[in-house]
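Source file: coords-v2.cif. Holds: mmCIF, C-alpha atoms.
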data_target
#
loop_
_atom_site.label_atom_id
_atom_site.label_comp_id
_atom_site.auth_asym_id
_atom_site.auth_seq_id
_atom_site.Cartn_x
_atom_site.Cartn_y
_atom_site.Cartn_z
CA MET A 1 -30.72 -188.86 -34.10
CA ILE A 2 -29.11 -190.07 -30.89
CA ASP A 3 -29.59 -193.69 -29.85
CA LYS A 4 -29.57 -193.02 -26.12
CA ASP A 5 -29.82 -196.69 -25.19
CA LYS A 6 -26.43 -197.42 -26.76
CA ILE A 7 -24.44 -194.63 -25.14
CA LYS A 8 -22.01 -195.71 -22.42
CA ALA A 9 -19.45 -192.90 -22.63
CA VAL A 10 -19.38 -189.19 -23.43
CA ALA A 11 -16.18 -187.79 -24.99
CA PHE A 12 -15.79 -184.03 -24.62
CA ASP A 13 -13.70 -181.50 -26.46
CA PHE A 14 -12.25 -178.88 -24.08
CA GLY A 15 -11.54 -175.54 -25.76
CA GLY A 16 -14.73 -173.94 -27.01
CA THR A 17 -16.86 -176.64 -25.38
CA LEU A 18 -16.19 -176.71 -21.63
CA ASP A 19 -14.45 -173.33 -21.30
CA SER A 20 -16.74 -171.06 -23.32
CA PRO A 21 -20.36 -170.79 -24.53
CA PHE A 22 -19.49 -172.75 -27.70
CA LEU A 23 -17.64 -169.78 -29.18
CA HIS A 24 -14.42 -169.85 -31.19
CA TRP A 25 -11.60 -168.50 -29.07
CA MET A 26 -10.61 -165.89 -31.64
CA ASP A 27 -14.06 -164.34 -31.17
CA ILE A 28 -13.66 -164.44 -27.40
CA TYR A 29 -10.31 -162.66 -27.51
CA ILE A 30 -11.75 -159.95 -29.75
CA HIS A 31 -14.78 -159.52 -27.49
CA LEU A 32 -12.70 -159.21 -24.33
CA TYR A 33 -10.02 -157.02 -25.88
CA THR A 34 -12.53 -154.57 -27.34
CA THR A 35 -15.00 -154.40 -24.43
CA LYS A 36 -12.60 -154.68 -21.47
CA LEU A 37 -9.35 -153.25 -22.83
CA ASN A 38 -10.85 -150.84 -25.39
CA LEU A 39 -8.51 -151.97 -28.14
CA PRO A 40 -9.28 -151.13 -31.81
CA LEU A 41 -9.52 -154.73 -32.97
CA THR A 42 -11.70 -156.47 -35.53
CA LYS A 43 -11.69 -159.96 -36.98
CA GLU A 44 -9.88 -158.57 -39.99
CA ASN A 45 -6.98 -156.93 -38.15
CA PHE A 46 -6.68 -159.51 -35.34
CA ARG A 47 -6.93 -162.79 -37.26
CA ASP A 48 -3.31 -162.92 -38.46
CA SER A 49 -1.99 -162.23 -34.97
CA TYR A 50 -4.27 -164.88 -33.47
CA VAL A 51 -3.07 -167.45 -36.01
CA TYR A 52 0.56 -166.41 -35.50
CA ALA A 53 0.30 -166.94 -31.74
CA GLU A 54 -1.32 -170.36 -32.14
CA ARG A 55 1.37 -171.50 -34.56
CA MET A 56 4.23 -170.21 -32.45
CA MET A 57 2.80 -171.81 -29.31
CA GLU A 58 3.07 -175.13 -31.13
CA GLN A 59 6.43 -174.51 -32.80
CA LEU A 60 8.26 -173.07 -29.79
CA GLN A 61 6.77 -175.58 -27.32
CA LEU A 62 6.75 -172.92 -24.63
CA VAL A 63 4.20 -174.69 -22.45
CA LYS A 64 5.38 -177.43 -20.11
CA PRO A 65 3.15 -179.99 -18.32
CA GLY A 66 3.29 -178.05 -15.06
CA HIS A 67 2.25 -174.66 -16.47
CA SER A 68 -1.01 -173.18 -15.20
CA LEU A 69 -3.82 -171.73 -17.29
CA LEU A 70 -2.62 -168.18 -16.55
CA GLU A 71 0.94 -169.05 -17.57
CA THR A 72 -0.36 -170.67 -20.76
CA GLN A 73 -2.46 -167.65 -21.63
CA ALA A 74 0.44 -165.31 -20.83
CA PHE A 75 2.60 -167.04 -23.44
CA LYS A 76 -0.22 -166.70 -25.96
CA THR A 77 -1.19 -163.08 -25.27
CA ASP A 78 2.45 -162.03 -25.33
CA LEU A 79 2.76 -163.51 -28.83
CA GLN A 80 -0.50 -161.91 -29.94
CA PHE A 81 0.52 -158.43 -28.79
CA LYS A 82 4.01 -158.81 -30.24
CA SER A 83 2.42 -159.58 -33.61
CA LEU A 84 -0.14 -156.78 -33.33
CA ILE A 85 2.68 -154.29 -32.71
CA GLU A 86 4.89 -155.61 -35.50
CA ARG A 87 1.96 -155.47 -37.92
CA GLY A 88 1.21 -151.87 -36.92
CA VAL A 89 -2.25 -152.62 -35.51
CA LEU A 90 -1.14 -151.37 -32.08
CA PRO A 91 1.53 -148.75 -31.30
CA ASP A 92 4.86 -149.91 -29.93
CA THR A 93 4.62 -148.68 -26.33
CA PRO A 94 5.91 -150.13 -23.05
CA GLU A 95 2.31 -150.76 -21.98
CA ASN A 96 1.48 -152.71 -25.13
CA ARG A 97 4.73 -154.68 -24.86
CA LYS A 98 4.67 -155.45 -21.14
CA SER A 99 1.68 -154.72 -18.94
CA LEU A 100 -1.21 -155.10 -21.39
CA PRO A 101 -0.38 -158.68 -22.48
CA LEU A 102 -0.36 -159.82 -18.85
CA LYS A 103 -3.59 -157.94 -18.13
CA ALA A 104 -5.11 -159.64 -21.19
CA ALA A 105 -3.92 -163.05 -19.98
CA ARG A 106 -5.58 -162.56 -16.60
CA LEU A 107 -8.78 -161.39 -18.26
CA VAL A 108 -8.95 -164.40 -20.55
CA THR A 109 -8.01 -166.80 -17.76
CA ASP A 110 -10.86 -165.54 -15.59
CA TYR A 111 -13.31 -165.84 -18.47
CA SER A 112 -12.25 -169.41 -19.23
CA SER A 113 -12.15 -170.46 -15.59
CA ASP A 114 -15.66 -169.16 -14.95
CA TYR A 115 -17.10 -171.31 -17.73
CA VAL A 116 -15.22 -174.43 -16.67
CA VAL A 117 -16.40 -174.01 -13.09
CA ALA A 118 -19.96 -173.56 -14.34
CA SER A 119 -19.66 -176.86 -16.23
CA ARG A 120 -19.07 -178.82 -13.02
CA THR A 121 -22.77 -179.28 -12.34
CA VAL A 122 -23.34 -180.89 -15.73
CA LEU A 123 -20.21 -183.05 -15.50
CA ASP A 124 -21.21 -184.19 -12.03
CA GLU A 125 -24.62 -185.24 -13.31
CA LEU A 126 -23.30 -186.99 -16.40
CA HIS A 127 -20.49 -188.92 -14.76
CA ARG A 128 -22.97 -190.75 -12.56
CA SER A 129 -24.43 -192.40 -15.66
CA TYR A 130 -21.57 -192.40 -18.18
CA THR A 131 -17.82 -192.74 -18.44
CA LEU A 132 -16.46 -189.31 -19.39
CA LEU A 133 -13.45 -188.78 -21.65
CA LEU A 134 -11.65 -185.53 -22.44
CA VAL A 135 -10.03 -185.18 -25.89
CA SER A 136 -8.40 -181.91 -26.88
CA ASN A 137 -5.89 -180.11 -29.06
CA TYR A 138 -3.82 -178.71 -26.21
CA TYR A 139 -0.27 -177.88 -25.18
CA GLY A 140 0.74 -180.84 -23.02
CA ASN A 141 -0.63 -179.42 -19.76
CA LEU A 142 -4.34 -180.19 -20.08
CA LYS A 143 -4.31 -182.46 -17.04
CA LYS A 144 -2.74 -179.66 -14.97
CA ILE A 145 -5.40 -177.22 -16.19
CA VAL A 146 -8.41 -179.40 -15.40
CA THR A 147 -6.86 -180.38 -12.06
CA ASP A 148 -6.48 -176.73 -11.08
CA LEU A 149 -10.05 -176.04 -12.22
CA GLY A 150 -11.45 -178.88 -10.13
CA ILE A 151 -12.91 -181.13 -12.84
CA VAL A 152 -10.20 -183.76 -13.32
CA SER A 153 -12.00 -186.33 -11.17
CA TYR A 154 -14.92 -186.51 -13.59
CA PHE A 155 -12.82 -187.91 -16.44
CA HIS A 156 -11.76 -191.49 -16.96
CA SER A 157 -8.96 -190.26 -19.22
CA ILE A 158 -7.49 -187.05 -20.63
CA THR A 159 -6.08 -187.18 -24.16
CA ASP A 160 -3.86 -184.19 -24.98
CA SER A 161 -2.77 -183.74 -28.60
CA THR A 162 0.74 -182.55 -27.71
CA LEU A 163 1.43 -185.61 -25.59
CA GLU A 164 -0.04 -187.90 -28.26
CA GLY A 165 1.80 -186.32 -31.17
CA VAL A 166 -1.38 -186.05 -33.24
CA ARG A 167 -3.90 -183.25 -33.59
CA LYS A 168 -7.51 -182.92 -34.59
CA PRO A 169 -9.04 -183.03 -37.13
CA ASP A 170 -7.16 -186.33 -37.40
CA PRO A 171 -9.75 -188.75 -35.97
CA SER A 172 -6.99 -190.90 -34.50
CA LEU A 173 -6.88 -188.60 -31.46
CA TRP A 174 -10.48 -189.51 -30.67
CA LYS A 175 -9.82 -193.12 -31.66
CA ARG A 176 -6.96 -193.49 -29.19
CA ALA A 177 -9.06 -192.18 -26.31
CA ILE A 178 -12.01 -194.42 -27.13
CA ASP A 179 -9.94 -197.55 -27.81
CA ARG A 180 -8.03 -197.16 -24.55
CA ALA A 181 -11.28 -196.82 -22.64
CA GLY A 182 -12.54 -200.03 -24.26
CA PHE A 183 -15.75 -198.79 -25.85
CA ALA A 184 -17.26 -199.55 -29.24
CA TYR A 185 -17.51 -196.33 -31.26
CA GLU A 186 -21.30 -196.41 -31.41
CA GLU A 187 -21.33 -196.46 -27.61
CA VAL A 188 -19.58 -193.07 -27.44
CA LEU A 189 -21.21 -189.66 -27.73
CA VAL A 190 -18.76 -187.02 -28.97
CA VAL A 191 -19.56 -183.49 -27.76
CA GLY A 192 -17.74 -180.54 -29.30
CA ASP A 193 -18.20 -177.13 -30.86
CA SER A 194 -16.22 -177.71 -34.07
CA MET A 195 -17.60 -179.58 -37.08
CA LYS A 196 -14.09 -179.97 -38.47
CA ASN A 197 -12.29 -181.03 -35.30
CA ASP A 198 -14.99 -182.81 -33.31
CA ILE A 199 -18.18 -183.73 -35.12
CA GLN A 200 -16.83 -184.93 -38.47
CA PRO A 201 -14.01 -187.03 -36.90
CA GLY A 202 -16.54 -188.53 -34.49
CA LEU A 203 -18.90 -189.43 -37.30
CA SER A 204 -16.06 -190.91 -39.35
CA LEU A 205 -15.38 -193.35 -36.52
CA GLY A 206 -19.03 -194.29 -36.12
CA CYS A 207 -19.58 -192.36 -32.89
CA GLN A 208 -22.75 -190.55 -32.00
CA VAL A 209 -22.39 -186.76 -31.86
CA VAL A 210 -23.82 -183.56 -30.40
CA GLN A 211 -22.56 -180.18 -31.61
CA GLY A 212 -22.34 -177.23 -29.26
CA CYS A 213 -23.58 -174.09 -31.04
CA PRO A 214 -23.53 -170.46 -29.86
CA GLU A 215 -26.83 -169.01 -28.69
CA GLY A 216 -29.07 -168.22 -31.65
CA LYS A 217 -27.36 -170.65 -34.04
CA THR A 218 -28.12 -174.21 -35.10
CA GLY A 219 -25.97 -177.12 -36.11
CA GLU A 220 -25.49 -178.69 -39.51
CA ALA A 221 -28.53 -180.37 -41.02
CA GLY A 222 -29.18 -183.69 -39.32
CA ILE A 223 -26.66 -183.07 -36.51
CA PRO A 224 -28.12 -182.93 -32.97
CA PHE A 225 -27.07 -179.73 -31.23
CA ILE A 226 -27.28 -177.83 -27.96
CA THR A 227 -26.72 -174.14 -27.26
CA ARG A 228 -25.93 -174.60 -23.56
CA LEU A 229 -24.01 -177.40 -21.88
CA SER A 230 -26.82 -177.60 -19.31
CA GLU A 231 -29.11 -178.92 -22.08
CA LEU A 232 -27.09 -182.12 -22.46
CA PRO A 233 -28.51 -184.13 -19.53
CA ALA A 234 -32.07 -183.53 -20.72
CA LEU A 235 -31.10 -184.52 -24.26
CA LEU A 236 -29.88 -187.81 -22.82
CA SER A 237 -32.95 -188.14 -20.59
CA ILE A 238 -31.09 -188.12 -17.30
#

Please rewrite the model in this file as structure tokens.
Amino acid sequence: MIDKDKIKAVAFDFGGTLDSPFLHWMDIYIHLYTTKLNLPLTKENFRDSYVYAERMMEQLQLVKPGHSLLETQAFKTDLQFKSLIERGVLPDTPENRKSLPLKAARLVTDYSSDYVVASRTVLDELHRSYTLLLVSNYYGNLKKIVTDLGIVSYFHSITDSTLEGVRKPDPSLWKRAIDRAGFAYEEVLVVGDSMKNDIQPGLSLGCQVVQGCPEGKTGEAGIPFITRLSELPALLSI
């Protein structure tokens, strides 16, 4: 249960929490690629390419602090399509090498942006009562992203894993953000979609937690959950 009287700050995850309806981004890519681009993808034939792109984004350090969301997604979709072609999932054509990855990046950027913009109403309501923190596994340009999307002013601090040199599920990423803001752990509500990266690290520190779950699903036993971000203010009685 949440002890609402103790909460002074709300610490949000970004990816999968503020930029989607609590869905894993691999599922979002598959949904958009199959419904909008008519590609023959499934979880089974896309997973390795998704993982490859995520790993290479980290290893190659392609993203710089000034890169936009579209530029970030373009790096990622280019790596995904390169892998899909090399693995024989997609044919090696000029369209699949050049134009389709950029089209995919724009598609994903619009999807993500729409959800972030929709979250403004909730963030605006919450930041009147609580200090808001943003804690994310990202590429070093999270501040640029949330600035472009118009939500940077709601956050007391933005903690980006690449800039910190530590990634979730290591709880020290959350710990750094909370310690710097000067709160006791029990005064902080961690909100995220991932048990591994958000909820379990938050609990290990002694934070209160709320898990974001896709529509029709519930959280782990004993873990408070919401299926829409708009449910959070009511859960906190504001």

Query raised in the report: Taking the file as shown, what set of residues would the PyMOL selection byres ((chain A and resi 162) around 7) give back, as a ChimeraX atom specification?
Result: /A:138-140,160-161,163-166

Report as a short mmCIF file (atom, residue, chain, number, x, y, z; two decimals) with C-alpha atoms, in the frame of the given file all protein, DNA and RNA residues lying within 9 Å of stretch 203-206 of chain A, evaluated on all atoms listed in the file, omitting residues in the same chain fewer than 5 positions from it.
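This is the output file part03.cif:
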data_model
loop_
_atom_site.label_atom_id
_atom_site.label_comp_id
_atom_site.auth_asym_id
_atom_site.auth_seq_id
_atom_site.Cartn_x
_atom_site.Cartn_y
_atom_site.Cartn_z
CA PRO A 171 -9.75 -188.75 -35.97
CA SER A 172 -6.99 -190.90 -34.50
CA TRP A 174 -10.48 -189.51 -30.67
CA LYS A 175 -9.82 -193.12 -31.66
CA ALA A 184 -17.26 -199.55 -29.24
CA TYR A 185 -17.51 -196.33 -31.26
CA GLU A 186 -21.30 -196.41 -31.41
CA VAL A 188 -19.58 -193.07 -27.44
CA VAL A 190 -18.76 -187.02 -28.97
CA ASP A 198 -14.99 -182.81 -33.31
#

**Report entry** Shortest interatomic distance to A:Leu133 - which of A:Gln61, A:Ser112, A:Thr218, A:Ser153, counting only C-alpha atoms
**Finding:** A:Ser153

Query - Hits from the PyMOL selection byres ((chain A and resi 117-129) around 10), listed as JSON, numbers by chain - result: {"A": [7, 8, 9, 10, 17, 18, 19, 20, 112, 113, 114, 115, 116, 130, 131, 132, 133, 146, 149, 150, 151, 153, 154, 155, 156, 228, 229, 230, 231, 232, 233, 236, 238]}

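Evaluated against the shown file, the PyMOL selection byres ((chain A and resi 41) around 10) gives Tyr29, Ile30, His31, Tyr33, Thr34, Asn38, Leu39, Pro40, Thr42, Lys43, Glu44, Asn45, Phe46, Arg47, Leu84, Val89 and Leu90 of chain A.
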
I need the chosen residues saved as a PDB file, keeping the file's coordinate frame, with C-alpha atoms.
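The resulting file, out18.pdb, is shown below:
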ATOM      1  CA  TYR A  29     -10.310-162.660 -27.510  1.00  0.00           C
ATOM      2  CA  ILE A  30     -11.750-159.950 -29.750  1.00  0.00           C
ATOM      3  CA  HIS A  31     -14.780-159.520 -27.490  1.00  0.00           C
ATOM      4  CA  TYR A  33     -10.020-157.020 -25.880  1.00  0.00           C
ATOM      5  CA  THR A  34     -12.530-154.570 -27.340  1.00  0.00           C
ATOM      6  CA  ASN A  38     -10.850-150.840 -25.390  1.00  0.00           C
ATOM      7  CA  LEU A  39      -8.510-151.970 -28.140  1.00  0.00           C
ATOM      8  CA  PRO A  40      -9.280-151.130 -31.810  1.00  0.00           C
ATOM      9  CA  THR A  42     -11.700-156.470 -35.530  1.00  0.00           C
ATOM     10  CA  LYS A  43     -11.690-159.960 -36.980  1.00  0.00           C
ATOM     11  CA  GLU A  44      -9.880-158.570 -39.990  1.00  0.00           C
ATOM     12  CA  ASN A  45      -6.980-156.930 -38.150  1.00  0.00           C
ATOM     13  CA  PHE A  46      -6.680-159.510 -35.340  1.00  0.00           C
ATOM     14  CA  ARG A  47      -6.930-162.790 -37.260  1.00  0.00           C
ATOM     15  CA  LEU A  84      -0.140-156.780 -33.330  1.00  0.00           C
ATOM     16  CA  VAL A  89      -2.250-152.620 -35.510  1.00  0.00           C
ATOM     17  CA  LEU A  90      -1.140-151.370 -32.080  1.00  0.00           C
TER      18      LEU A  90
END

Give me the box for stretch 115-118 of chain A as AutoDock Vina command-line options, namely the centre and edge lengths in Å to one decimal of a box along x, y and z that holds every listed atom plus 5 Å on each side.
--center_x -17.6 --center_y -172.9 --center_z -15.4 --size_x 14.7 --size_y 13.1 --size_z 14.6

Report summary line: A:Asp170 proximity check over A:Val152, A:Leu37, A:Ile145, A:Val135, using all atoms listed in the file: winner is A:Val135

Requested in this report: Between A:Met1, A:Leu134, A:Ala221, A:Leu142, single out the one closest to A:Ala181, counting only C-alpha atoms.
Outcome: A:Leu134

Requested in this report: Counting all atoms listed in the file, figure out which residue out of A:Arg176, A:Lys196, A:Lys36, A:Lys82 gets nearest to A:Arg97.
Outcome: A:Lys82

Query raised in the report: How many Å lie between atom CA of A:Cys213 and atom CA of A:Leu23, rounded to one decimal?
Result: 7.6 Å

Query raised in the report: What does the distance from atom CA of A:Pro214 to atom CA of A:Phe81 come to in Å, to one decimal?
Result: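 Going from atom CA of A:Pro214 over to atom CA of A:Phe81, I get 26.9 Å.
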
Requested in this report: Using atom CA of A:Gln211 and atom CA of A:Met57 as the two end points, give the distance in Å to one decimal.
Outcome: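 Between these atoms lies a distance of 26.8 Å.
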
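Between A:Arg55 and the residues A:Gln200, A:Thr35, A:Gln80, A:Thr72, the shortest atom-to-atom distance, using only C-alpha atoms, involves A:Gln80.
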
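Using all atoms listed in the file, the shortest contact distance between A:Ile85 and any of A:Asn197, A:Thr159, A:Ser49, A:Thr147 is found at A:Ser49.
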
Please complete stretch 10-21 of chain A so it has all heavy atoms, and hand it over as an mmCIF file, in the coordinates of the input.
data_model
loop_
_atom_site.group_PDB
_atom_site.id
_atom_site.type_symbol
_atom_site.label_atom_id
_atom_site.label_comp_id
_atom_site.auth_asym_id
_atom_site.auth_seq_id
_atom_site.Cartn_x
_atom_site.Cartn_y
_atom_site.Cartn_z
ATOM 1 N N VAL A 10 -19.280 -190.501 -22.790
ATOM 2 C CA VAL A 10 -19.380 -189.190 -23.430
ATOM 3 C C VAL A 10 -17.963 -188.627 -23.524
ATOM 4 O O VAL A 10 -17.263 -188.495 -22.506
ATOM 5 C CB VAL A 10 -20.280 -188.221 -22.640
ATOM 6 C CG1 VAL A 10 -20.369 -186.872 -23.370
ATOM 7 C CG2 VAL A 10 -21.671 -188.811 -22.440
ATOM 8 N N ALA A 11 -17.528 -188.321 -24.747
ATOM 9 C CA ALA A 11 -16.180 -187.790 -24.990
ATOM 10 C C ALA A 11 -16.281 -186.305 -25.319
ATOM 11 O O ALA A 11 -16.888 -185.935 -26.327
ATOM 12 C CB ALA A 11 -15.511 -188.551 -26.134
ATOM 13 N N PHE A 12 -15.704 -185.473 -24.474
ATOM 14 C CA PHE A 12 -15.790 -184.030 -24.620
ATOM 15 C C PHE A 12 -14.531 -183.440 -25.248
ATOM 16 O O PHE A 12 -13.406 -183.820 -24.901
ATOM 17 C CB PHE A 12 -15.949 -183.355 -23.251
ATOM 18 C CG PHE A 12 -17.312 -183.473 -22.639
ATOM 19 C CD1 PHE A 12 -17.578 -184.466 -21.713
ATOM 20 C CD2 PHE A 12 -18.330 -182.597 -22.988
ATOM 21 C CE1 PHE A 12 -18.832 -184.573 -21.127
ATOM 22 C CE2 PHE A 12 -19.588 -182.692 -22.410
ATOM 23 C CZ PHE A 12 -19.845 -183.683 -21.481
ATOM 24 N N ASP A 13 -14.733 -182.464 -26.115
ATOM 25 C CA ASP A 13 -13.700 -181.500 -26.460
ATOM 26 C C ASP A 13 -13.556 -180.556 -25.263
ATOM 27 O O ASP A 13 -14.463 -180.467 -24.427
ATOM 28 C CB ASP A 13 -14.135 -180.737 -27.713
ATOM 29 C CG ASP A 13 -13.297 -179.513 -27.985
ATOM 30 O OD1 ASP A 13 -12.062 -179.633 -28.004
ATOM 31 O OD2 ASP A 13 -13.891 -178.432 -28.163
ATOM 32 N N PHE A 14 -12.422 -179.840 -25.184
ATOM 33 C CA PHE A 14 -12.250 -178.880 -24.080
ATOM 34 C C PHE A 14 -12.426 -177.446 -24.547
ATOM 35 O O PHE A 14 -13.414 -176.794 -24.225
ATOM 36 C CB PHE A 14 -10.875 -179.055 -23.426
ATOM 37 C CG PHE A 14 -10.669 -178.146 -22.246
ATOM 38 C CD1 PHE A 14 -11.356 -178.351 -21.061
ATOM 39 C CD2 PHE A 14 -9.786 -177.067 -22.327
ATOM 40 C CE1 PHE A 14 -11.174 -177.507 -19.969
ATOM 41 C CE2 PHE A 14 -9.597 -176.220 -21.247
ATOM 42 C CZ PHE A 14 -10.295 -176.443 -20.066
ATOM 43 N N GLY A 15 -11.475 -176.934 -25.344
ATOM 44 C CA GLY A 15 -11.540 -175.540 -25.760
ATOM 45 C C GLY A 15 -12.720 -175.238 -26.658
ATOM 46 O O GLY A 15 -12.891 -175.867 -27.698
ATOM 47 N N GLY A 16 -13.543 -174.287 -26.261
ATOM 48 C CA GLY A 16 -14.730 -173.940 -27.010
ATOM 49 C C GLY A 16 -15.952 -174.755 -26.617
ATOM 50 O O GLY A 16 -17.069 -174.450 -27.051
ATOM 51 N N THR A 17 -15.742 -175.778 -25.791
ATOM 52 C CA THR A 17 -16.860 -176.640 -25.380
ATOM 53 C C THR A 17 -17.097 -176.559 -23.876
ATOM 54 O O THR A 17 -18.214 -176.305 -23.435
ATOM 55 C CB THR A 17 -16.585 -178.098 -25.794
ATOM 56 O OG1 THR A 17 -16.463 -178.162 -27.221
ATOM 57 C CG2 THR A 17 -17.728 -179.014 -25.348
ATOM 58 N N LEU A 18 -16.044 -176.778 -23.085
ATOM 59 C CA LEU A 18 -16.190 -176.710 -21.630
ATOM 60 C C LEU A 18 -15.729 -175.380 -21.054
ATOM 61 O O LEU A 18 -16.032 -175.072 -19.908
ATOM 62 C CB LEU A 18 -15.399 -177.846 -20.964
ATOM 63 C CG LEU A 18 -15.887 -179.271 -21.241
ATOM 64 C CD1 LEU A 18 -15.041 -180.270 -20.461
ATOM 65 C CD2 LEU A 18 -17.360 -179.442 -20.892
ATOM 66 N N ASP A 19 -14.996 -174.573 -21.847
ATOM 67 C CA ASP A 19 -14.450 -173.330 -21.300
ATOM 68 C C ASP A 19 -15.017 -172.084 -21.957
ATOM 69 O O ASP A 19 -14.483 -170.990 -21.787
ATOM 70 C CB ASP A 19 -12.922 -173.327 -21.397
ATOM 71 C CG ASP A 19 -12.413 -173.289 -22.840
ATOM 72 O OD1 ASP A 19 -13.244 -173.433 -23.757
ATOM 73 O OD2 ASP A 19 -11.199 -173.123 -23.036
ATOM 74 N N SER A 20 -16.099 -172.224 -22.713
ATOM 75 C CA SER A 20 -16.740 -171.060 -23.320
ATOM 76 C C SER A 20 -18.147 -171.454 -23.755
ATOM 77 O O SER A 20 -18.459 -172.643 -23.827
ATOM 78 C CB SER A 20 -15.943 -170.558 -24.539
ATOM 79 O OG SER A 20 -16.288 -171.290 -25.702
ATOM 80 N N PRO A 21 -18.990 -170.483 -24.074
ATOM 81 C CA PRO A 21 -20.360 -170.790 -24.530
ATOM 82 C C PRO A 21 -20.394 -171.202 -26.001
ATOM 83 O O PRO A 21 -21.135 -170.631 -26.790
ATOM 84 C CB PRO A 21 -21.106 -169.479 -24.273
ATOM 85 C CG PRO A 21 -20.071 -168.419 -24.456
ATOM 86 C CD PRO A 21 -18.793 -169.019 -23.923
#
